Amino acid sequence: MRNKAPNSQSTKSRAKPQMQAANSMLNPGDEAARGTPGTGDDICPECHGKGRINGSPCPNCGGGGTITRAIGGA
C-alpha cells in the first residue's frame with residue numbers, strides 16, 4: 001500500500017478554473033453576455049457587420065461585427 005505525500009491534493013480539493021472571465025467581456029453594444037439564455041447575435045448597427053470603421057476596430061462591437069441582443073420579451 002502506498003502512502004500519499006503530506007502535501008498532495010486530491011482532485012476534489014483542487015481549485016477549478018473560472019469560466020467567468022470570457023463571459024464578462026462585454027462590448028458597449030452588447031445587451032448581455034454571449035450565451036445568456038434569451039439572447040442572440042445581431043449585426044452591429046455602427047459598422048454594419050464589417051467590424052471596422054475608418055480602418056479601426058469598431059468601438060461598438062469590438063471589431064467582431066456582431067453584438068449580443070436580448071430576443072423575445074413579454
# chains A, B, ... in the order shown; residues from 1 in each chain; ligands from 1
>>> residues_around(residues="Thr39 (chain A)", least_positions_apart="2", cutoff="12 Å", atoms="only C-alpha atoms", output="VMD selection string")
chain A and resid 30 to 37 41 to 42 67 to 73
>>> residues_around(residues="Pro45 (chain A)", least_positions_apart="2", cutoff="9 Å", atoms="only C-alpha atoms", output="PDB file with C-alpha atoms, in the first residue's frame")
ATOM      1  CA  GLY A  29     -23.188  47.439 -27.965  1.00  0.00           C
ATOM      2  CA  ASP A  42     -27.129  40.602 -34.269  1.00  0.00           C
ATOM      3  CA  ILE A  43     -25.235  42.677 -36.822  1.00  0.00           C
ATOM      4  CA  CYS A  47     -20.207  49.175 -38.586  1.00  0.00           C
ATOM      5  CA  HIS A  48     -22.972  47.192 -40.340  1.00  0.00           C
ATOM      6  CA  GLY A  49     -21.229  43.875 -39.592  1.00  0.00           C
ATOM      7  CA  ASN A  60     -19.414  49.311 -30.503  1.00  0.00           C
ATOM      8  CA  GLY A  65     -19.101  42.805 -36.409  1.00  0.00           C
ATOM      9  CA  THR A  66     -21.794  41.386 -34.131  1.00  0.00           C
ATOM     10  CA  ILE A  67     -23.370  42.330 -30.819  1.00  0.00           C
TER      11      ILE A  67
END
>>> residues_around(residues="Gly63 (chain A)", least_positions_apart="3", cutoff="8 Å", atoms="only C-alpha atoms", output="list in words")
Lys50, Gly51, Arg52, Pro57, Cys58, Pro59 and Asn60 of chain A
>>> decode(residues="region 34-58 of chain A", atoms="N, CA, C and O atoms", output="PDB file, in the first residue's frame")
ATOM      1  N   ARG A  34     -22.467  36.973 -23.996  1.00  0.00           N
ATOM      2  CA  ARG A  34     -22.683  35.951 -25.019  1.00  0.00           C
ATOM      3  C   ARG A  34     -23.059  34.629 -24.354  1.00  0.00           C
ATOM      4  O   ARG A  34     -22.478  34.248 -23.351  1.00  0.00           O
ATOM      5  N   GLY A  35     -24.061  33.968 -24.886  1.00  0.00           N
ATOM      6  CA  GLY A  35     -24.504  32.684 -24.354  1.00  0.00           C
ATOM      7  C   GLY A  35     -25.575  32.796 -23.291  1.00  0.00           C
ATOM      8  O   GLY A  35     -26.061  31.785 -22.802  1.00  0.00           O
ATOM      9  N   THR A  36     -25.948  34.001 -22.900  1.00  0.00           N
ATOM     10  CA  THR A  36     -27.002  34.181 -21.909  1.00  0.00           C
ATOM     11  C   THR A  36     -28.321  33.711 -22.513  1.00  0.00           C
ATOM     12  O   THR A  36     -28.641  34.072 -23.647  1.00  0.00           O
ATOM     13  N   PRO A  37     -29.091  32.889 -21.788  1.00  0.00           N
ATOM     14  CA  PRO A  37     -30.390  32.458 -22.321  1.00  0.00           C
ATOM     15  C   PRO A  37     -31.260  33.664 -22.668  1.00  0.00           C
ATOM     16  O   PRO A  37     -31.274  34.666 -21.956  1.00  0.00           O
ATOM     17  N   GLY A  38     -31.948  33.573 -23.790  1.00  0.00           N
ATOM     18  CA  GLY A  38     -32.812  34.661 -24.225  1.00  0.00           C
ATOM     19  C   GLY A  38     -32.090  35.731 -25.010  1.00  0.00           C
ATOM     20  O   GLY A  38     -32.613  36.825 -25.192  1.00  0.00           O
ATOM     21  N   THR A  39     -30.861  35.437 -25.491  1.00  0.00           N
ATOM     22  CA  THR A  39     -30.110  36.404 -26.284  1.00  0.00           C
ATOM     23  C   THR A  39     -29.679  35.765 -27.592  1.00  0.00           C
ATOM     24  O   THR A  39     -29.705  34.545 -27.749  1.00  0.00           O
ATOM     25  N   GLY A  40     -29.259  36.597 -28.521  1.00  0.00           N
ATOM     26  CA  GLY A  40     -28.746  36.120 -29.792  1.00  0.00           C
ATOM     27  C   GLY A  40     -27.833  37.158 -30.407  1.00  0.00           C
ATOM     28  O   GLY A  40     -27.806  38.313 -29.988  1.00  0.00           O
ATOM     29  N   ASP A  41     -27.084  36.735 -31.406  1.00  0.00           N
ATOM     30  CA  ASP A  41     -26.171  37.651 -32.093  1.00  0.00           C
ATOM     31  C   ASP A  41     -26.947  38.470 -33.113  1.00  0.00           C
ATOM     32  O   ASP A  41     -27.894  37.995 -33.733  1.00  0.00           O
ATOM     33  N   ASP A  42     -26.541  39.707 -33.290  1.00  0.00           N
ATOM     34  CA  ASP A  42     -27.129  40.602 -34.269  1.00  0.00           C
ATOM     35  C   ASP A  42     -25.995  41.388 -34.923  1.00  0.00           C
ATOM     36  O   ASP A  42     -24.919  41.550 -34.345  1.00  0.00           O
ATOM     37  N   ILE A  43     -26.225  41.865 -36.114  1.00  0.00           N
ATOM     38  CA  ILE A  43     -25.235  42.677 -36.822  1.00  0.00           C
ATOM     39  C   ILE A  43     -25.094  44.016 -36.108  1.00  0.00           C
ATOM     40  O   ILE A  43     -26.083  44.634 -35.727  1.00  0.00           O
ATOM     41  N   CYS A  44     -23.870  44.442 -35.930  1.00  0.00           N
ATOM     42  CA  CYS A  44     -23.601  45.719 -35.270  1.00  0.00           C
ATOM     43  C   CYS A  44     -24.187  46.859 -36.106  1.00  0.00           C
ATOM     44  O   CYS A  44     -23.895  46.963 -37.305  1.00  0.00           O
ATOM     45  N   PRO A  45     -25.002  47.720 -35.487  1.00  0.00           N
ATOM     46  CA  PRO A  45     -25.599  48.821 -36.244  1.00  0.00           C
ATOM     47  C   PRO A  45     -24.609  49.948 -36.572  1.00  0.00           C
ATOM     48  O   PRO A  45     -24.861  50.755 -37.463  1.00  0.00           O
ATOM     49  N   GLU A  46     -23.476  49.978 -35.907  1.00  0.00           N
ATOM     50  CA  GLU A  46     -22.493  51.038 -36.141  1.00  0.00           C
ATOM     51  C   GLU A  46     -21.618  50.752 -37.365  1.00  0.00           C
ATOM     52  O   GLU A  46     -21.408  51.623 -38.194  1.00  0.00           O
ATOM     53  N   CYS A  47     -21.104  49.522 -37.477  1.00  0.00           N
ATOM     54  CA  CYS A  47     -20.207  49.175 -38.586  1.00  0.00           C
ATOM     55  C   CYS A  47     -20.894  48.313 -39.636  1.00  0.00           C
ATOM     56  O   CYS A  47     -20.267  47.934 -40.621  1.00  0.00           O
ATOM     57  N   HIS A  48     -22.168  47.997 -39.409  1.00  0.00           N
ATOM     58  CA  HIS A  48     -22.972  47.192 -40.340  1.00  0.00           C
ATOM     59  C   HIS A  48     -22.360  45.813 -40.578  1.00  0.00           C
ATOM     60  O   HIS A  48     -22.400  45.284 -41.683  1.00  0.00           O
ATOM     61  N   GLY A  49     -21.770  45.230 -39.522  1.00  0.00           N
ATOM     62  CA  GLY A  49     -21.229  43.875 -39.592  1.00  0.00           C
ATOM     63  C   GLY A  49     -19.814  43.769 -40.124  1.00  0.00           C
ATOM     64  O   GLY A  49     -19.268  42.681 -40.197  1.00  0.00           O
ATOM     65  N   LYS A  50     -19.204  44.865 -40.491  1.00  0.00           N
ATOM     66  CA  LYS A  50     -17.843  44.823 -41.032  1.00  0.00           C
ATOM     67  C   LYS A  50     -16.779  44.719 -39.941  1.00  0.00           C
ATOM     68  O   LYS A  50     -15.683  44.226 -40.181  1.00  0.00           O
ATOM     69  N   GLY A  51     -17.059  45.195 -38.741  1.00  0.00           N
ATOM     70  CA  GLY A  51     -16.101  45.131 -37.644  1.00  0.00           C
ATOM     71  C   GLY A  51     -15.112  46.280 -37.612  1.00  0.00           C
ATOM     72  O   GLY A  51     -14.318  46.386 -36.695  1.00  0.00           O
ATOM     73  N   ARG A  52     -15.132  47.127 -38.639  1.00  0.00           N
ATOM     74  CA  ARG A  52     -14.194  48.238 -38.706  1.00  0.00           C
ATOM     75  C   ARG A  52     -14.907  49.504 -39.147  1.00  0.00           C
ATOM     76  O   ARG A  52     -15.834  49.467 -39.939  1.00  0.00           O
ATOM     77  N   ILE A  53     -14.445  50.628 -38.620  1.00  0.00           N
ATOM     78  CA  ILE A  53     -14.922  51.950 -39.025  1.00  0.00           C
ATOM     79  C   ILE A  53     -13.687  52.797 -39.289  1.00  0.00           C
ATOM     80  O   ILE A  53     -12.829  52.942 -38.410  1.00  0.00           O
ATOM     81  N   ASN A  54     -13.586  53.314 -40.510  1.00  0.00           N
ATOM     82  CA  ASN A  54     -12.436  54.133 -40.910  1.00  0.00           C
ATOM     83  C   ASN A  54     -11.101  53.446 -40.636  1.00  0.00           C
ATOM     84  O   ASN A  54     -10.147  54.060 -40.170  1.00  0.00           O
ATOM     85  N   GLY A  55     -11.031  52.151 -40.886  1.00  0.00           N
ATOM     86  CA  GLY A  55      -9.785  51.405 -40.733  1.00  0.00           C
ATOM     87  C   GLY A  55      -9.445  50.981 -39.322  1.00  0.00           C
ATOM     88  O   GLY A  55      -8.448  50.315 -39.103  1.00  0.00           O
ATOM     89  N   SER A  56     -10.267  51.335 -38.347  1.00  0.00           N
ATOM     90  CA  SER A  56     -10.022  50.963 -36.942  1.00  0.00           C
ATOM     91  C   SER A  56     -11.113  50.000 -36.480  1.00  0.00           C
ATOM     92  O   SER A  56     -12.220  50.015 -37.010  1.00  0.00           O
ATOM     93  N   PRO A  57     -10.814  49.164 -35.468  1.00  0.00           N
ATOM     94  CA  PRO A  57     -11.865  48.282 -34.937  1.00  0.00           C
ATOM     95  C   PRO A  57     -13.057  49.092 -34.440  1.00  0.00           C
ATOM     96  O   PRO A  57     -12.896  50.147 -33.836  1.00  0.00           O
ATOM     97  N   CYS A  58     -14.243  48.602 -34.733  1.00  0.00           N
ATOM     98  CA  CYS A  58     -15.468  49.281 -34.308  1.00  0.00           C
ATOM     99  C   CYS A  58     -15.540  49.320 -32.785  1.00  0.00           C
ATOM    100  O   CYS A  58     -15.414  48.282 -32.127  1.00  0.00           O
TER     101      CYS A  58
END
